[in-house]
Amino acid sequence: MRTNRFLPLLPALTLLAMLGPVAAGLWWTILPAFGHLPAAGQTGPSLDPFRDLFDWGGLPSAVFLSLTTGLLATAISLAIVVLVTAGWSGTRPFRNLERLLSPLLSVPHAAAAFGLAFLIAPSGWLSRLASPTLTGWERPPDLLIVQDTWGLSMAAGLIVKEVPFLLLITLAALGQADAKRSVAVAQALGYGRVTGWLKTVFPRVYAQIRPPVYVVLAYSMTVVDVAVILGPNTPPPLSVQIVKWMSDPDLAMRLEGAAGALLQLALVVGALCFWRLGESVVAALGRRWIAAGYRGRLDPVVARVALAAGCGSALAVLIGLAVLAIWSFAGFWGFPDALPDGFTTRNWMRFGPGTLEALQETAIIALTAGLLALILTIGCLEAEYRYGLSFSRRAVWLLYLPLLIPQIAFLPGLQTLMLNLGADVGRKPVIIAHLVFVLPYVFLSLADPFRAWDRRMGTIAAALGASANGVLWRVRLPMLLRPILTALAVGLAVSVGQYLPTLLIGGGRVATLTTEAVALASGGDRRAIAVYGLMQTGAALIPFALALLIPALAWRNRQGLRHG
Amino acid sequence: MDKGLSLRDVTIKKGDVPLLSVTHEIAPGDVLTVMGPSGVGKSTLLAFITGTLSPNFSATGSVWLDGHDITHVPPHQRRAGILFQDDLLFPHLSVGANLAFGLRPGGSKAERQSKITAALDEVGLADFGDRDPATLSGGQKARVALMRMLLSEPCALLLDEPFSRLDAALRAQVRSMVFDRARARGLPVLMVTHDAEDARAAGGEIITLG
């Protein structure tokens with residue numbers, strides 16, 4: 001009966017694991033930002049760090065980049081997802097697109113960004129396809145496409161990854177919105193598909209997907225790995241500059257870094273408020289649009305454009321990964337040839353051992369963080385079930401808090417705290433930091449199937465003499481095998497993709513596939529990048545394949561669980 | 001020792017709203033039918049007896065089974081068997097493993113297996129032990145669910161609209177199978193239903209709620 005003494009503590013423990021590091025990190029960002037960092041011989045309070053920050057010449061464009069890429073990426077990916085869903089949900093093209101996009105959800109941001117870079121760079125695959133016949137280029141043109149000053153390629157890299165995420169979230173929300181009948185009624189009244197959907201279903205769906213949309217905005221404004229790969233260099237986006245300050249051997253630079261982190265947090269809060277305001281404006285305009293009764297003559301055009309954009313974003317990632325695969329086996333590959341002169345396994349021989357070492361580190365961290373998150377999540381949900389606790393709508397926001405507060409705002413503080421405590425950097429603190437981000441995703445992924453389980457199964461099993469733990473282990477968990485493995489796979493993919501926590505909390509000494517791959521970005525060795533990027537993608541994708549395969553094998557003779 | 005199921009001053013409330021009050025003795029082999037439209041809290045009465053009442057409800061009074069007060073006993077030690085309108089066979093277990101789940105612990109492996117075989121024989125489902133429950137017909141599932149419950153040797157039988165999913169022909173057959181076995185084993189039966197025919201077939205006392 002040990003579990004029963006533990007179980008009531010698990011929800012509190014989960015909150016602590018999720019929010020404790022965030023709170024401690026924020027506090028230790030605030031202190032040095034106001035000049036207090038004993039480890040560097042500084043005691044505050046003082047405003048010098050902020051003065052130094054505002055004296056930095058790159059600040060205006062760094063701030064501008066953070067805002068534009070974030071708002072642009074969020075608005076465009078949301079528009080694509082909403083319009084595709086409005087125009088096509090329930091049709092064959094939509095199902096095909098859905099099939100195309102769902103595996104992309106687990107592709108790490110860095111790998112997708114590398115793939116996109118290999119595709120659109122002046123010497124990239126698209127340019128090779130079109131040269132020299134269409135363009136006349138015999139040498140890669142001197143254009144700044146990747147890492148452009150405006151951050152457009154960076155925004156594109158974010159869009160191709162956020163579209164699958166938002167689509168999956170929207171599909172989940174659709175189930176509860178009674179969309180089919182609403183659109184049928186609207187269509188019977190003469191409305192086009194898109195207009196009918198936007199006017200009847202969208203308000204309900206948006207209310208559900210609002211937290212993940214905010215997460216996308218906060219993430220896009222502050223991402224580091226995608227910015228290193230696709231973002232401008234001089235000056236870089238604010239988040240990248242903060243990492244530079246935090247990694248400086250001169251400890252005094254951390255004060256400026258902490259001030260930057262607080263500014264970044266303020267920017268995110270400001271942008272979220274701006275977005276919230278935008279929601280009200282859109283709602284007001286929408287009400288007028290509804291009242292005016294337009295039926296939507298342009299619907300077919302809008303729907304086709306949206307579908308093309310959705311397919312384009314999916315193809316950008318898929319073809320990008322294919323180009324990574326070609327590079328990883330490429331022998332000599334001169335411009336403007338569309339394919340290399342020959343294929344070789346030499347690249348894999350050369351970088352393989354290094355990737356395997358990084359894979360091992362990645363797997364240890366991901367499995368530990370993923371399994372911890374799974375145990376805490378199941379514990380929370382089981383405690384909720386046994387003790388009749390219920391989480392209010394407000395409490396759901398707690399889950400989103402670690403995803404809304406930008407990593408760059410509190411991880412530097414967490415690093416500083418460890419520095420002050422004299423704690424050893426290394427694998428263990430990295431796992432704890434990963435858990436902060438893995439937990440919410442595992443919880444969100446498992447909560448619905450866990451709660452949807454038929455309680456009467458539990459009543460029957462108890463009436464047959466099974467104890468509460470017996471019901472959990474012998475009935476509930478086996479029946480929920482598939483969603484449990486899927487949630488674990490989500491957790492593993494999240495951990496595999498983490499760049500900043502591994503870099504900052506690991507003190508540069510923990511080398512995962514992601515940190516190694518991103519570190520290669522500045523070197524420009526395409527073959528090395530390709531091998532690492534593919535290994536990273538594989539490490540995130542294979543758990544999903546197993547999450548499908550294992551239940552299919554284990555329950556191959558159990559029809560009742562085939563769709564559970 | 002008083003055999004049977006006894007409800008003493010049982011009152012169930014949702015928040016401050018009283019749903020039902022029952023005081024009743026059900027002797028071994030007797031059936032009490034609780035009738036009423038859906039939503040009056042018939043099923044909450046059964047949940048109170050099995051110990052699985054949702055925290056949205058509160059209850060006072062006590063439940064006695066074979067002379068023991070089971071009001072505060074954990075659900076799995078109450079020995080109150082229950083059947084729902086759905087068979088609720090565990091989808092991850094074979095038919096035989098479902099029965100083994102119900103069978104009270106004890107006995108050698110061979111003894112347990114022979115009890116399971118005998119149970120399947122009794123309801124005309126010999127050789128069904130290795131089958132996936134999802135491949136059974138509605139009537140077959142109902143019979144497996146009944147035998148699974150009986151193998152747990154309950155001291156009372158609770159029925160929650162147990163026949164409403166079955167079609168007319170099957171219904172009479174399953175119904176008499178359930179009541180015959182309950183009577184043969186001397187089990188007190190509490191059935192909630194909104195179906196007048198079920199109530200008549202049960203042949204016992206009827207209380208109407210709501």
# chains A, B, ... in the order shown; residues from 1 in each chain; ligands from 1
$ closest_atom_pairs --of "chain A" --to "chain B" --cutoff "6 Å" --atoms "only C-alpha atoms" --output "tab-separated table"
residue	atom	partner	partner_atom	distance
A:Gly388	CA	B:Pro55	CA	5.7
A:Ala462	CA	B:His76	CA	4.4
A:Ala463	CA	B:Gly81	CA	5.3
A:Leu464	CA	B:Gly102	CA	5.2
A:Gly465	CA	B:His76	CA	4.3
A:Ala466	CA	B:His76	CA	5.4
A:Ser467	CA	B:His76	CA	5.4
A:Arg558	CA	B:Asp132	CA	5.6
A:Gln559	CA	B:Ala134	CA	5.7
A:Gly560	CA	B:Pro91	CA	5.3
$ write_last_selection --atoms "N, CA and C atoms" --output "CSV table (one decimal), in the first residue's frame"
chain,number,residue,atom,x,y,z
A,388,GLY,N,-11.5,12.2,-6.5
A,388,GLY,CA,-12.5,13.0,-7.0
A,388,GLY,C,-12.1,14.5,-7.1
A,462,ALA,N,-13.6,-3.6,-9.2
A,462,ALA,CA,-13.6,-3.6,-7.8
A,462,ALA,C,-14.7,-4.6,-7.2
A,463,ALA,N,-15.8,-4.6,-7.9
A,463,ALA,CA,-16.9,-5.5,-7.4
A,463,ALA,C,-16.4,-7.0,-7.6
A,464,LEU,N,-15.5,-7.2,-8.5
A,464,LEU,CA,-14.9,-8.6,-8.7
A,464,LEU,C,-13.8,-8.8,-7.7
A,465,GLY,N,-13.5,-7.8,-6.9
A,465,GLY,CA,-12.5,-8.1,-5.8
A,465,GLY,C,-11.1,-7.4,-6.1
A,466,ALA,N,-11.0,-6.6,-7.1
A,466,ALA,CA,-9.7,-6.0,-7.4
A,466,ALA,C,-9.6,-4.7,-6.6
A,467,SER,N,-8.4,-4.5,-5.9
A,467,SER,CA,-8.2,-3.3,-5.1
A,467,SER,C,-8.0,-2.1,-6.1
A,558,ARG,N,-7.1,-8.4,-30.1
A,558,ARG,CA,-8.1,-7.7,-29.3
A,558,ARG,C,-8.7,-6.6,-30.1
A,559,GLN,N,-9.8,-6.9,-30.8
A,559,GLN,CA,-10.5,-5.8,-31.6
A,559,GLN,C,-10.9,-4.7,-30.8
A,560,GLY,N,-11.3,-4.9,-29.5
A,560,GLY,CA,-11.9,-3.8,-28.7
A,560,GLY,C,-10.9,-2.8,-28.4
$ residues_around --residues "A:Leu31" --least-positions-apart "2" --cutoff "10 Å" --atoms "only C-alpha atoms" --output "ChimeraX atom specification"
/A:26-29,33-37,43-46,255,258-259,413,416
$ residues_around --residues "stretch 262-271 of chain A" --least-positions-apart "2" --cutoff "9 Å" --atoms "only C-alpha atoms" --output "PyMOL selection string"
chain A and resi 26+29-30+33+50+63+66-67+70-71+217-218+221-222+238-239+257-260+273-276+404-406+408-410
$ atom_distance --atom1 "atom CA of A:Val317" --atom2 "atom CA of A:Ser102"
12.0 Å
$ select_by_dssp --residues "stretch 3-188 of chain B" --states "alpha helix (DSSP H)" --output "ChimeraX atom specification"
/B:42-50,95-102,109-122,138-151,168-184
